[in-house]
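K.L.:
Below you'll find protein_21.pdb; it's PDB, C-alpha atoms.
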ATOM      1  CA  MET C   1       8.379  13.052  18.841  1.00  0.00           C
ATOM      2  CA  GLU C   2       8.415   9.255  18.668  1.00  0.00           C
ATOM      3  CA  SER C   3       9.677   7.837  15.373  1.00  0.00           C
ATOM      4  CA  THR C   4       7.158   5.826  13.368  1.00  0.00           C
ATOM      5  CA  LYS C   5       9.842   3.931  11.433  1.00  0.00           C
ATOM      6  CA  PHE C   6      12.096   1.056  12.441  1.00  0.00           C
ATOM      7  CA  THR C   7      15.245   0.532  10.378  1.00  0.00           C
ATOM      8  CA  CYS C   8      17.789  -2.277  10.550  1.00  0.00           C
ATOM      9  CA  LYS C   9      20.429  -3.693   8.223  1.00  0.00           C
ATOM     10  CA  HIS C  10      17.759  -5.741   6.443  1.00  0.00           C
ATOM     11  CA  GLY C  11      15.401  -2.840   5.658  1.00  0.00           C
ATOM     12  CA  SER C  12      12.742  -0.724   7.348  1.00  0.00           C
ATOM     13  CA  THR C  13       9.105  -0.952   8.409  1.00  0.00           C
ATOM     14  CA  GLU C  14       6.484   1.071  10.235  1.00  0.00           C
ATOM     15  CA  MET C  15       6.590   0.568  13.993  1.00  0.00           C
ATOM     16  CA  LEU C  16       3.969  -1.973  15.078  1.00  0.00           C
ATOM     17  CA  ASN C  17       0.700  -0.476  16.343  1.00  0.00           C
ATOM     18  CA  ASP C  18      -2.929  -1.588  16.471  1.00  0.00           C
ATOM     19  CA  ARG C  19      -3.527  -0.627  12.811  1.00  0.00           C
ATOM     20  CA  ASN C  20      -0.644  -2.096  10.817  1.00  0.00           C
ATOM     21  CA  TYR C  21      -0.092  -5.611  12.184  1.00  0.00           C
ATOM     22  CA  HIS C  22      -0.146  -7.441   8.839  1.00  0.00           C
ATOM     23  CA  SER C  23       2.235  -5.134   6.971  1.00  0.00           C
ATOM     24  CA  TRP C  24       4.552  -5.145  10.019  1.00  0.00           C
ATOM     25  CA  LYS C  25       4.400  -8.941  10.212  1.00  0.00           C
ATOM     26  CA  ARG C  26       5.416  -9.298   6.542  1.00  0.00           C
ATOM     27  CA  SER C  27       8.460  -7.088   7.098  1.00  0.00           C
ATOM     28  CA  LEU C  28       9.444  -8.773  10.347  1.00  0.00           C
ATOM     29  CA  LYS C  29       9.159 -12.202   8.758  1.00  0.00           C
ATOM     30  CA  ALA C  30      11.742 -11.146   6.153  1.00  0.00           C
ATOM     31  CA  PHE C  31      14.052  -9.707   8.833  1.00  0.00           C
ATOM     32  CA  LEU C  32      13.749 -12.831  11.010  1.00  0.00           C
ATOM     33  CA  ILE C  33      14.416 -15.160   8.065  1.00  0.00           C
ATOM     34  CA  ALA C  34      17.548 -13.125   7.279  1.00  0.00           C
ATOM     35  CA  GLU C  35      18.669 -13.642  10.892  1.00  0.00           C
ATOM     36  CA  ASP C  36      17.833 -17.380  10.714  1.00  0.00           C
ATOM     37  CA  ALA C  37      15.366 -16.839  13.557  1.00  0.00           C
ATOM     38  CA  PHE C  38      11.902 -17.184  12.011  1.00  0.00           C
ATOM     39  CA  GLY C  39      11.602 -20.820  13.081  1.00  0.00           C
ATOM     40  CA  ILE C  40      12.269 -19.730  16.653  1.00  0.00           C
ATOM     41  CA  VAL C  41       9.395 -17.228  16.800  1.00  0.00           C
ATOM     42  CA  THR C  42       6.942 -19.631  15.134  1.00  0.00           C
ATOM     43  CA  GLY C  43       7.931 -22.444  17.497  1.00  0.00           C
ATOM     44  CA  THR C  44       8.985 -24.794  14.688  1.00  0.00           C
ATOM     45  CA  GLU C  45      12.620 -24.709  15.834  1.00  0.00           C
ATOM     46  CA  ALA C  46      13.005 -26.148  19.315  1.00  0.00           C
ATOM     47  CA  PRO C  47      16.042 -25.403  21.484  1.00  0.00           C
ATOM     48  CA  PRO C  48      18.752 -28.070  21.387  1.00  0.00           C
ATOM     49  CA  ASN C  49      19.512 -30.361  24.315  1.00  0.00           C
ATOM     50  CA  ALA C  50      21.285 -28.806  27.262  1.00  0.00           C
ATOM     51  CA  GLY C  51      24.355 -30.911  26.553  1.00  0.00           C
ATOM     52  CA  ALA C  52      24.840 -29.409  23.092  1.00  0.00           C
ATOM     53  CA  THR C  53      26.616 -26.324  24.380  1.00  0.00           C
ATOM     54  CA  ALA C  54      27.642 -24.774  21.045  1.00  0.00           C
ATOM     55  CA  GLN C  55      24.226 -25.369  19.441  1.00  0.00           C
ATOM     56  CA  LEU C  56      22.441 -24.010  22.514  1.00  0.00           C
ATOM     57  CA  ARG C  57      24.610 -20.899  22.516  1.00  0.00           C
ATOM     58  CA  ASP C  58      23.834 -20.366  18.824  1.00  0.00           C
ATOM     59  CA  PHE C  59      20.121 -20.868  19.448  1.00  0.00           C
ATOM     60  CA  ARG C  60      20.114 -18.340  22.281  1.00  0.00           C
ATOM     61  CA  ARG C  61      21.932 -15.802  20.118  1.00  0.00           C
ATOM     62  CA  HIS C  62      19.344 -16.106  17.314  1.00  0.00           C
ATOM     63  CA  SER C  63      16.574 -16.032  19.906  1.00  0.00           C
ATOM     64  CA  GLY C  64      17.992 -12.800  21.321  1.00  0.00           C
ATOM     65  CA  TRP C  65      18.065 -11.204  17.884  1.00  0.00           C
ATOM     66  CA  ALA C  66      14.474 -12.294  17.290  1.00  0.00           C
ATOM     67  CA  TYR C  67      13.320 -10.654  20.511  1.00  0.00           C
ATOM     68  CA  LEU C  68      15.296  -7.499  19.753  1.00  0.00           C
ATOM     69  CA  LEU C  69      13.796  -7.156  16.258  1.00  0.00           C
ATOM     70  CA  ILE C  70      10.252  -7.603  17.560  1.00  0.00           C
ATOM     71  CA  TYR C  71      10.652  -5.258  20.515  1.00  0.00           C
ATOM     72  CA  ALA C  72      12.615  -2.529  18.717  1.00  0.00           C
ATOM     73  CA  SER C  73      10.108  -2.424  15.833  1.00  0.00           C
ATOM     74  CA  SER C  74       7.123  -1.923  18.169  1.00  0.00           C
ATOM     75  CA  ASP C  75       5.696   1.414  19.265  1.00  0.00           C
ATOM     76  CA  GLU C  76       5.611   2.447  22.937  1.00  0.00           C
ATOM     77  CA  THR C  77       2.116   1.080  23.564  1.00  0.00           C
ATOM     78  CA  THR C  78       3.032  -2.303  22.094  1.00  0.00           C
ATOM     79  CA  ARG C  79       6.262  -2.406  24.107  1.00  0.00           C
ATOM     80  CA  SER C  80       4.226  -1.925  27.280  1.00  0.00           C
ATOM     81  CA  LEU C  81       2.129  -4.926  26.260  1.00  0.00           C
ATOM     82  CA  ILE C  82       5.307  -6.988  25.713  1.00  0.00           C
ATOM     83  CA  ASP C  83       6.798  -5.827  29.020  1.00  0.00           C
ATOM     84  CA  ASN C  84       3.749  -7.146  30.885  1.00  0.00           C
ATOM     85  CA  LEU C  85       3.775 -10.599  29.321  1.00  0.00           C
ATOM     86  CA  PRO C  86       4.458 -13.454  31.751  1.00  0.00           C
ATOM     87  CA  ASN C  87       6.872 -15.002  29.250  1.00  0.00           C
ATOM     88  CA  GLU C  88       9.087 -12.876  27.021  1.00  0.00           C
ATOM     89  CA  GLU C  89      10.565 -15.665  24.920  1.00  0.00           C
ATOM     90  CA  PRO C  90      10.230 -14.567  21.261  1.00  0.00           C
ATOM     91  CA  ASP C  91       7.764 -17.326  20.309  1.00  0.00           C
ATOM     92  CA  HIS C  92       5.448 -16.323  23.165  1.00  0.00           C
ATOM     93  CA  VAL C  93       5.745 -12.641  22.238  1.00  0.00           C
ATOM     94  CA  TRP C  94       5.010 -13.424  18.575  1.00  0.00           C
ATOM     95  CA  THR C  95       1.879 -15.367  19.550  1.00  0.00           C
ATOM     96  CA  ALA C  96       0.720 -12.671  21.986  1.00  0.00           C
ATOM     97  CA  LEU C  97       1.004  -9.976  19.317  1.00  0.00           C
ATOM     98  CA  HIS C  98      -0.963 -12.155  16.909  1.00  0.00           C
ATOM     99  CA  LEU C  99      -3.774 -12.523  19.449  1.00  0.00           C
ATOM    100  CA  ALA C 100      -3.697  -8.813  20.280  1.00  0.00           C
ATOM    101  CA  PHE C 101      -3.623  -7.339  16.779  1.00  0.00           C
ATOM    102  CA  ASP C 102      -4.751  -9.910  14.193  1.00  0.00           C
ATOM    103  CA  THR C 103      -8.385  -8.998  13.480  1.00  0.00           C
ATOM    104  CA  SER C 104      -8.828 -12.242  11.530  1.00  0.00           C
ATOM    105  CA  ALA C 105      -8.648 -14.102  14.868  1.00  0.00           C
ATOM    106  CA  SER C 106     -12.347 -13.379  15.510  1.00  0.00           C
ATOM    107  CA  LEU C 107     -15.459 -13.573  13.309  1.00  0.00           C
ATOM    108  CA  SER C 108     -16.581 -10.093  14.322  1.00  0.00           C
ATOM    109  CA  GLY C 109     -13.162  -8.721  13.369  1.00  0.00           C
ATOM    110  CA  ARG C 110     -13.313 -10.401   9.972  1.00  0.00           C
ATOM    111  CA  LEU C 111     -16.829  -9.104   9.287  1.00  0.00           C
ATOM    112  CA  THR C 112     -15.709  -5.588  10.228  1.00  0.00           C
ATOM    113  CA  THR C 113     -12.842  -5.890   7.761  1.00  0.00           C
ATOM    114  CA  VAL C 114     -15.193  -7.087   4.994  1.00  0.00           C
ATOM    115  CA  ARG C 115     -17.563  -4.172   5.632  1.00  0.00           C
ATOM    116  CA  HIS C 116     -14.682  -1.693   5.601  1.00  0.00           C
ATOM    117  CA  PHE C 117     -13.427  -3.187   2.339  1.00  0.00           C
ATOM    118  CA  HIS C 118     -16.746  -2.869   0.501  1.00  0.00           C
ATOM    119  CA  LYS C 119     -17.749   0.590   1.713  1.00  0.00           C
ATOM    120  CA  THR C 120     -14.568   2.411   0.695  1.00  0.00           C
ATOM    121  CA  THR C 121     -14.032   4.132  -2.658  1.00  0.00           C
ATOM    122  CA  MET C 122     -11.106   5.804  -4.382  1.00  0.00           C
ATOM    123  CA  LYS C 123     -10.631   9.281  -2.943  1.00  0.00           C
ATOM    124  CA  PRO C 124      -9.768  12.288  -5.162  1.00  0.00           C
ATOM    125  CA  GLY C 125      -6.027  12.789  -5.508  1.00  0.00           C
ATOM    126  CA  THR C 126      -5.229   9.108  -4.881  1.00  0.00           C
ATOM    127  CA  SER C 127      -3.261   7.224  -7.524  1.00  0.00           C
ATOM    128  CA  VAL C 128      -4.580   3.926  -8.876  1.00  0.00           C
ATOM    129  CA  SER C 129      -1.499   2.045  -7.655  1.00  0.00           C
ATOM    130  CA  ALA C 130      -1.911   3.429  -4.117  1.00  0.00           C
ATOM    131  CA  TYR C 131      -5.629   2.622  -4.124  1.00  0.00           C
ATOM    132  CA  ILE C 132      -5.057  -0.965  -5.253  1.00  0.00           C
ATOM    133  CA  SER C 133      -2.310  -1.363  -2.652  1.00  0.00           C
ATOM    134  CA  THR C 134      -4.647  -0.298   0.164  1.00  0.00           C
ATOM    135  CA  ARG C 135      -7.331  -2.719  -1.113  1.00  0.00           C
ATOM    136  CA  LYS C 136      -4.792  -5.551  -0.946  1.00  0.00           C
ATOM    137  CA  ASP C 137      -3.717  -4.548   2.562  1.00  0.00           C
ATOM    138  CA  ILE C 138      -7.320  -4.493   3.795  1.00  0.00           C
ATOM    139  CA  ARG C 139      -8.068  -7.979   2.524  1.00  0.00           C
ATOM    140  CA  GLN C 140      -4.809  -9.452   3.858  1.00  0.00           C
ATOM    141  CA  PRO C 141      -6.170 -10.272   7.359  1.00  0.00           C
ATOM    142  CA  LEU C 142      -8.912 -12.384   5.770  1.00  0.00           C
ATOM    143  CA  ALA C 143      -6.581 -14.714   3.869  1.00  0.00           C
ATOM    144  CA  GLY C 144      -7.288 -18.330   4.714  1.00  0.00           C
ATOM    145  CA  SER C 145     -10.640 -17.591   6.379  1.00  0.00           C
ATOM    146  CA  GLN C 146     -14.164 -18.218   5.069  1.00  0.00           C
ATOM    147  CA  GLU C 147     -14.465 -14.459   4.552  1.00  0.00           C
ATOM    148  CA  ARG C 148     -11.406 -14.263   2.294  1.00  0.00           C
ATOM    149  CA  ILE C 149     -11.668 -11.812  -0.608  1.00  0.00           C
ATOM    150  CA  SER C 150     -10.639 -13.460  -3.884  1.00  0.00           C
ATOM    151  CA  ASP C 151      -8.810 -11.738  -6.735  1.00  0.00           C
ATOM    152  CA  ASN C 152     -12.033 -11.753  -8.792  1.00  0.00           C
ATOM    153  CA  VAL C 153     -13.965 -10.035  -6.002  1.00  0.00           C
ATOM    154  CA  LEU C 154     -11.162  -7.501  -5.625  1.00  0.00           C
ATOM    155  CA  ILE C 155     -11.176  -6.806  -9.370  1.00  0.00           C
ATOM    156  CA  GLY C 156     -14.948  -6.311  -9.348  1.00  0.00           C
ATOM    157  CA  HIS C 157     -14.618  -3.987  -6.357  1.00  0.00           C
ATOM    158  CA  LEU C 158     -11.943  -1.926  -8.116  1.00  0.00           C
ATOM    159  CA  LEU C 159     -13.928  -1.526 -11.329  1.00  0.00           C
ATOM    160  CA  SER C 160     -17.060  -0.469  -9.450  1.00  0.00           C
ATOM    161  CA  THR C 161     -15.391   2.043  -7.111  1.00  0.00           C
ATOM    162  CA  LEU C 162     -13.035   3.873  -9.482  1.00  0.00           C
ATOM    163  CA  PRO C 163     -13.908   7.475 -10.455  1.00  0.00           C
ATOM    164  CA  GLU C 164     -16.110   8.125 -13.508  1.00  0.00           C
ATOM    165  CA  THR C 165     -13.025   9.024 -15.566  1.00  0.00           C
ATOM    166  CA  PHE C 166     -12.172   5.301 -15.605  1.00  0.00           C
ATOM    167  CA  ALA C 167     -15.605   4.226 -16.882  1.00  0.00           C
ATOM    168  CA  THR C 168     -14.414   3.538 -20.435  1.00  0.00           C
ATOM    169  CA  ILE C 169     -11.357   1.513 -19.453  1.00  0.00           C
ATOM    170  CA  ALA C 170     -13.427  -0.347 -16.822  1.00  0.00           C
ATOM    171  CA  GLY C 171     -15.876  -1.378 -19.558  1.00  0.00           C
ATOM    172  CA  ILE C 172     -13.015  -2.576 -21.761  1.00  0.00           C
ATOM    173  CA  ILE C 173     -11.551  -4.640 -18.907  1.00  0.00           C
ATOM    174  CA  GLU C 174     -14.918  -6.230 -18.107  1.00  0.00           C
ATOM    175  CA  ASN C 175     -15.187  -7.504 -21.672  1.00  0.00           C
ATOM    176  CA  LYS C 176     -11.729  -9.072 -21.819  1.00  0.00           C
ATOM    177  CA  PRO C 177     -11.334 -12.865 -21.991  1.00  0.00           C
ATOM    178  CA  ALA C 178     -11.195 -14.591 -18.611  1.00  0.00           C
ATOM    179  CA  ALA C 179      -7.532 -15.522 -19.142  1.00  0.00           C
ATOM    180  CA  GLU C 180      -6.629 -11.808 -19.241  1.00  0.00           C
ATOM    181  CA  LEU C 181      -8.584 -10.891 -16.124  1.00  0.00           C
ATOM    182  CA  THR C 182      -5.832 -11.543 -13.623  1.00  0.00           C
ATOM    183  CA  LEU C 183      -5.242  -9.047 -10.816  1.00  0.00           C
ATOM    184  CA  ASP C 184      -1.759  -8.224 -12.109  1.00  0.00           C
ATOM    185  CA  ALA C 185      -3.046  -7.643 -15.655  1.00  0.00           C
ATOM    186  CA  VAL C 186      -5.930  -5.454 -14.488  1.00  0.00           C
ATOM    187  CA  THR C 187      -3.597  -3.480 -12.210  1.00  0.00           C
ATOM    188  CA  THR C 188      -1.177  -2.833 -15.083  1.00  0.00           C
ATOM    189  CA  THR C 189      -4.011  -1.802 -17.416  1.00  0.00           C
ATOM    190  CA  LEU C 190      -5.445   0.671 -14.900  1.00  0.00           C
ATOM    191  CA  ILE C 191      -2.049   2.203 -14.088  1.00  0.00           C
ATOM    192  CA  ASP C 192      -1.273   2.593 -17.808  1.00  0.00           C
ATOM    193  CA  ALA C 193      -4.696   4.157 -18.390  1.00  0.00           C
ATOM    194  CA  GLU C 194      -4.116   6.644 -15.570  1.00  0.00           C
ATOM    195  CA  ALA C 195      -0.719   7.596 -17.028  1.00  0.00           C
ATOM    196  CA  SER C 196      -2.294   8.089 -20.487  1.00  0.00           C
ATOM    197  CA  MET C 197      -5.040  10.301 -19.051  1.00  0.00           C
ATOM    198  CA  ALA C 198      -2.492  12.402 -17.185  1.00  0.00           C
ATOM    199  CA  LEU C 199      -0.396  12.826 -20.350  1.00  0.00           C
ATOM    200  CA  ARG C 200      -3.474  13.730 -22.397  1.00  0.00           C
ATOM    201  CA  ASN C 201      -4.520  16.329 -19.824  1.00  0.00           C
ATOM    202  CA  ASP C 202      -1.032  17.851 -19.893  1.00  0.00           C
ATOM    203  CA  GLN C 203      -1.111  18.043 -23.686  1.00  0.00           C
ATOM    204  CA  VAL C 204      -4.565  19.632 -23.709  1.00  0.00           C
ATOM    205  CA  GLY C 205      -3.414  22.194 -21.177  1.00  0.00           C
ATOM    206  CA  THR C 206      -0.340  22.969 -23.277  1.00  0.00           C
ATOM    207  CA  ASN C 207      -2.419  23.334 -26.435  1.00  0.00           C
ATOM    208  CA  LEU C 208      -4.831  25.666 -24.644  1.00  0.00           C
ATOM    209  CA  ASN C 209      -1.932  27.805 -23.469  1.00  0.00           C
ATOM    210  CA  ILE C 210      -0.526  27.947 -26.995  1.00  0.00           C
ATOM    211  CA  ALA C 211      -3.945  28.840 -28.389  1.00  0.00           C
ATOM    212  CA  GLY C 212      -4.378  31.602 -25.823  1.00  0.00           C
ATOM    213  CA  THR C 213      -0.935  33.021 -26.512  1.00  0.00           C
ATOM    214  CA  THR C 214      -1.522  32.920 -30.271  1.00  0.00           C
ATOM    215  CA  SER C 215      -4.873  34.671 -29.926  1.00  0.00           C
ATOM    216  CA  GLN C 216      -3.320  37.382 -27.793  1.00  0.00           C
ATOM    217  CA  ALA C 217      -0.522  37.858 -30.326  1.00  0.00           C
ATOM    218  CA  LEU C 218      -2.978  38.134 -33.230  1.00  0.00           C
ATOM    219  CA  ALA C 219      -5.084  40.648 -31.314  1.00  0.00           C
ATOM    220  CA  ALA C 220      -2.030  42.746 -30.495  1.00  0.00           C
ATOM    221  CA  THR C 221      -0.885  42.672 -34.137  1.00  0.00           C
ATOM    222  CA  THR C 222      -4.327  43.760 -35.343  1.00  0.00           C
ATOM    223  CA  ARG C 223      -4.429  46.690 -32.902  1.00  0.00           C
ATOM    224  CA  HIS C 224      -0.959  47.736 -34.030  1.00  0.00           C
ATOM    225  CA  HIS C 225      -1.928  47.837 -37.713  1.00  0.00           C
ATOM    226  CA  ARG C 226      -5.143  49.695 -36.997  1.00  0.00           C
ATOM    227  CA  LYS C 227      -3.179  52.336 -35.099  1.00  0.00           C
ATOM    228  CA  ARG C 228      -0.698  52.631 -37.947  1.00  0.00           C
ATOM    229  CA  ARG C 229      -3.477  53.129 -40.485  1.00  0.00           C
ATOM    230  CA  GLY C 230      -5.197  55.755 -38.327  1.00  0.00           C
ATOM    231  CA  GLY C 231      -1.936  57.631 -37.768  1.00  0.00           C
ATOM    232  CA  ASP C 232      -1.153  57.758 -41.516  1.00  0.00           C
ATOM    233  CA  GLY C 233      -4.516  59.288 -42.313  1.00  0.00           C
ATOM    234  CA  TYR C 234      -5.655  56.136 -44.006  1.00  0.00           C
ATOM    235  CA  ARG C 235      -9.254  56.115 -45.131  1.00  0.00           C
ATOM    236  CA  GLY C 236     -11.021  52.913 -46.010  1.00  0.00           C
TER     237      GLY C 236
END
Please express the file's structure as structure tokens.

P.N.:
Amino acid sequence: MESTKFTCKHGSTEMLNDRNYHSWKRSLKAFLIAEDAFGIVTGTEAPPNAGATAQLRDFRRHSGWAYLLIYASSDETTRSLIDNLPNEEPDHVWTALHLAFDTSASLSGRLTTVRHFHKTTMKPGTSVSAYISTRKDIRQPLAGSQERISDNVLIGHLLSTLPETFATIAGIIENKPAAELTLDAVTTTLIDAEASMALRNDQVGTNLNIAGTTSQALAATTRHHRKRRGGDGYRG
């Protein structure tokens, strides 16, 4: 079975496919910066003159690492795409992958992303932190476009799509001063609220168990005494 993870000395990331381009790109950017090769893939670092032998050798080495990181962190389908490119220099590969997988490159792709963002809700069993993380990932392709989703829109989306159990805390958040309505602050408040609800549910469950055990013990004690009284010939 093909591995879905790529790991190198700088960290790990999901293998590039047609669904995770932006998260893959963030990871690869960090890896390429660590290898002093990000300027090569973006085309901002041009190769030195042919006469500068040492500098050219160094450039080619970093260029080779850039290509290796991109290729090795791609799934089999993406590798086939790379293999068929007319130019496999890392800057050309980087651009080709952007055109192939970045949905923000077309208006229809951006509108599809916006629709997907607004129609989704928090599924049962999902944690608040995971839900917020997926919302951020969905809006990432729209950054810098006219369809970008601002923090305020994201906050409004979160408060309107959380389960009913968050209704009270959502109302409290909505009435906070504007200065406290940052995405980080709202995220922290929601995560803390979820933790408090989980703790309260655990305590209620424990109390119910204690109450049930106590009731059973009292019932058993009562039956015991009634039996004793009947056996001794006791008459009320």

K.L.:
For the atom pair atom CA of C:Met197 and atom CA of C:Thr165, what is the interatomic distance in Å to one decimal place?

P.N.:
8.8 Å

K.L.:
Nearest to C:Ser74: which of C:Arg19, C:Arg110, C:Arg135, C:Arg60 is it, counting all atoms listed in the file?

P.N.:
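Under the stated criterion, the closest residue is C:Arg19.
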
K.L.:
Hey, what comes out of the PyMOL selection byres ((chain C and resi 194) around 12) on this file? Could you write it as a tab-separated table (two decimals) with C-alpha atoms, in the frame of the given file?

P.N.:
chain	number	residue	atom	x	y	z
C	125	GLY	CA	-6.03	12.79	-5.51
C	126	THR	CA	-5.23	9.11	-4.88
C	127	SER	CA	-3.26	7.22	-7.52
C	128	VAL	CA	-4.58	3.93	-8.88
C	129	SER	CA	-1.50	2.04	-7.66
C	162	LEU	CA	-13.04	3.87	-9.48
C	163	PRO	CA	-13.91	7.48	-10.46
C	165	THR	CA	-13.02	9.02	-15.57
C	166	PHE	CA	-12.17	5.30	-15.60
C	167	ALA	CA	-15.60	4.23	-16.88
C	168	THR	CA	-14.41	3.54	-20.43
C	169	ILE	CA	-11.36	1.51	-19.45
C	170	ALA	CA	-13.43	-0.35	-16.82
C	187	THR	CA	-3.60	-3.48	-12.21
C	188	THR	CA	-1.18	-2.83	-15.08
C	189	THR	CA	-4.01	-1.80	-17.42
C	190	LEU	CA	-5.44	0.67	-14.90
C	191	ILE	CA	-2.05	2.20	-14.09
C	192	ASP	CA	-1.27	2.59	-17.81
C	193	ALA	CA	-4.70	4.16	-18.39
C	195	ALA	CA	-0.72	7.60	-17.03
C	196	SER	CA	-2.29	8.09	-20.49
C	197	MET	CA	-5.04	10.30	-19.05
C	198	ALA	CA	-2.49	12.40	-17.18
C	199	LEU	CA	-0.40	12.83	-20.35
C	200	ARG	CA	-3.47	13.73	-22.40
C	201	ASN	CA	-4.52	16.33	-19.82

K.L.:
Ranking C:Phe117, C:Phe59, C:Tyr71, C:Trp65 by minimum distance to C:Leu16 and counting all atoms listed in the file, which one comes first?

P.N.:
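Result for the nearest residue to C:Leu16: C:Tyr71.
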
K.L.:
Find, counting all atoms listed in the file, the residue in C:Thr4, C:Gln140, C:Ile70, C:Val186 that gets nearest to C:Lys29.

P.N.:
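Of C:Thr4, C:Gln140, C:Ile70, C:Val186, the one nearest C:Lys29, counting all atoms listed in the file, is C:Ile70.
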
K.L.:
Any idea what the distance is between atom CA of C:Leu159 and atom CA of C:Gly171?

P.N.:
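Interatomic distance here is 8.5 Å.
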
K.L.:
Which one of C:Asp102, C:Glu164, C:Glu180, C:Glu35 sits closest to C:Ala143 if you count only C-alpha atoms?

P.N.:
C:Asp102

K.L.:
Between atom CA of C:Ile172 and atom CA of C:Lys119, what distance in Å does the model show, to one decimal?

P.N.:
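One can read the atom CA of C:Ile172 to atom CA of C:Lys119 distance as 24.2 Å.
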
K.L.:
Got a sec: who's within 9 Å of C:Met15, counting all atoms listed in the file, leaving out chain neighbours fewer than 5 positions off, as a ChimeraX atom specification?

P.N.:
/C:3-6,20,24,72-75

K.L.:
Calculated over only C-alpha atoms, which of the candidates C:Asp184, C:His118, C:Ala179, C:Ser104 has the smallest distance to C:Gly156?

P.N.:
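Distance minimum relative to C:Gly156 lands on C:His118.
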
K.L.:
Rank nothing, just name the residue among C:Ser160, C:Gln203, C:Gln146, C:Ser106 nearest to C:Met122, using only C-alpha atoms.

P.N.:
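Using only C-alpha atoms, the shortest distance to C:Met122 belongs to C:Ser160.
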
K.L.:
Hey, what's within 8 Å of stretch 8-11 of chain C if we count only C-alpha atoms and toss same-chain stuff fewer than 2 positions away? As a list in words, please?

P.N.:
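Listed by chain and then number, they are Phe6, Thr13, Phe31 and Ala34 of chain C.
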
K.L.:
Could you tell me which residues the PyMOL selection byres ((chain C and resi 97) around 12) returns for this structure, as a PyMOL selection string?

P.N.:
chain C and resi 16-18+20-22+24-25+41+70-71+74+77-82+85+88+90-96+98-103+105

K.L.:
Would you compute, for all listed atoms of stretch 108-119 of chain C, the axis-aligned bounding box grown by 4 Å on each side, and then report its centre and edge lengths in Å rounded to one decimal, as JSON?

P.N.:
{"center_x": -15.3, "center_y": -4.9, "center_z": 7.4, "size_x": 12.9, "size_y": 19.0, "size_z": 21.8}

K.L.:
Since fewer atoms than expected are present, regenerate N, CA and C atoms for stretch 185-200 of chain C and write them as a PDB file, keeping the file's coordinate frame.

P.N.:
ATOM      1  N   ALA C 185      -2.747  -8.226 -14.343  1.00  0.00           N
ATOM      2  CA  ALA C 185      -3.046  -7.643 -15.655  1.00  0.00           C
ATOM      3  C   ALA C 185      -3.971  -6.446 -15.527  1.00  0.00           C
ATOM      4  N   VAL C 186      -4.987  -6.565 -14.690  1.00  0.00           N
ATOM      5  CA  VAL C 186      -5.930  -5.454 -14.488  1.00  0.00           C
ATOM      6  C   VAL C 186      -5.216  -4.268 -13.845  1.00  0.00           C
ATOM      7  N   THR C 187      -4.355  -4.548 -12.871  1.00  0.00           N
ATOM      8  CA  THR C 187      -3.597  -3.480 -12.210  1.00  0.00           C
ATOM      9  C   THR C 187      -2.748  -2.723 -13.218  1.00  0.00           C
ATOM     10  N   THR C 188      -2.029  -3.460 -14.065  1.00  0.00           N
ATOM     11  CA  THR C 188      -1.177  -2.833 -15.083  1.00  0.00           C
ATOM     12  C   THR C 188      -2.005  -1.993 -16.043  1.00  0.00           C
ATOM     13  N   THR C 189      -3.149  -2.524 -16.483  1.00  0.00           N
ATOM     14  CA  THR C 189      -4.011  -1.802 -17.416  1.00  0.00           C
ATOM     15  C   THR C 189      -4.510  -0.493 -16.810  1.00  0.00           C
ATOM     16  N   LEU C 190      -4.924  -0.532 -15.559  1.00  0.00           N
ATOM     17  CA  LEU C 190      -5.445   0.671 -14.900  1.00  0.00           C
ATOM     18  C   LEU C 190      -4.344   1.715 -14.683  1.00  0.00           C
ATOM     19  N   ILE C 191      -3.162   1.269 -14.302  1.00  0.00           N
ATOM     20  CA  ILE C 191      -2.049   2.203 -14.088  1.00  0.00           C
ATOM     21  C   ILE C 191      -1.656   2.852 -15.413  1.00  0.00           C
ATOM     22  N   ASP C 192      -1.600   2.051 -16.485  1.00  0.00           N
ATOM     23  CA  ASP C 192      -1.273   2.593 -17.808  1.00  0.00           C
ATOM     24  C   ASP C 192      -2.340   3.594 -18.260  1.00  0.00           C
ATOM     25  N   ALA C 193      -3.606   3.265 -18.006  1.00  0.00           N
ATOM     26  CA  ALA C 193      -4.696   4.157 -18.390  1.00  0.00           C
ATOM     27  C   ALA C 193      -4.595   5.486 -17.640  1.00  0.00           C
ATOM     28  N   GLU C 194      -4.258   5.425 -16.360  1.00  0.00           N
ATOM     29  CA  GLU C 194      -4.116   6.644 -15.570  1.00  0.00           C
ATOM     30  C   GLU C 194      -2.973   7.504 -16.115  1.00  0.00           C
ATOM     31  N   ALA C 195      -1.858   6.863 -16.473  1.00  0.00           N
ATOM     32  CA  ALA C 195      -0.719   7.596 -17.028  1.00  0.00           C
ATOM     33  C   ALA C 195      -1.103   8.250 -18.354  1.00  0.00           C
ATOM     34  N   SER C 196      -1.856   7.540 -19.196  1.00  0.00           N
ATOM     35  CA  SER C 196      -2.294   8.089 -20.487  1.00  0.00           C
ATOM     36  C   SER C 196      -3.212   9.280 -20.296  1.00  0.00           C
ATOM     37  N   MET C 197      -4.132   9.179 -19.319  1.00  0.00           N
ATOM     38  CA  MET C 197      -5.040  10.301 -19.051  1.00  0.00           C
ATOM     39  C   MET C 197      -4.276  11.525 -18.559  1.00  0.00           C
ATOM     40  N   ALA C 198      -3.284  11.290 -17.702  1.00  0.00           N
ATOM     41  CA  ALA C 198      -2.492  12.402 -17.185  1.00  0.00           C
ATOM     42  C   ALA C 198      -1.717  13.080 -18.313  1.00  0.00           C
ATOM     43  N   LEU C 199      -1.136  12.280 -19.215  1.00  0.00           N
ATOM     44  CA  LEU C 199      -0.396  12.826 -20.350  1.00  0.00           C
ATOM     45  C   LEU C 199      -1.317  13.608 -21.271  1.00  0.00           C
ATOM     46  N   ARG C 200      -2.517  13.052 -21.524  1.00  0.00           N
ATOM     47  CA  ARG C 200      -3.474  13.730 -22.397  1.00  0.00           C
ATOM     48  C   ARG C 200      -3.911  15.061 -21.795  1.00  0.00           C
TER      49      ARG C 200
END
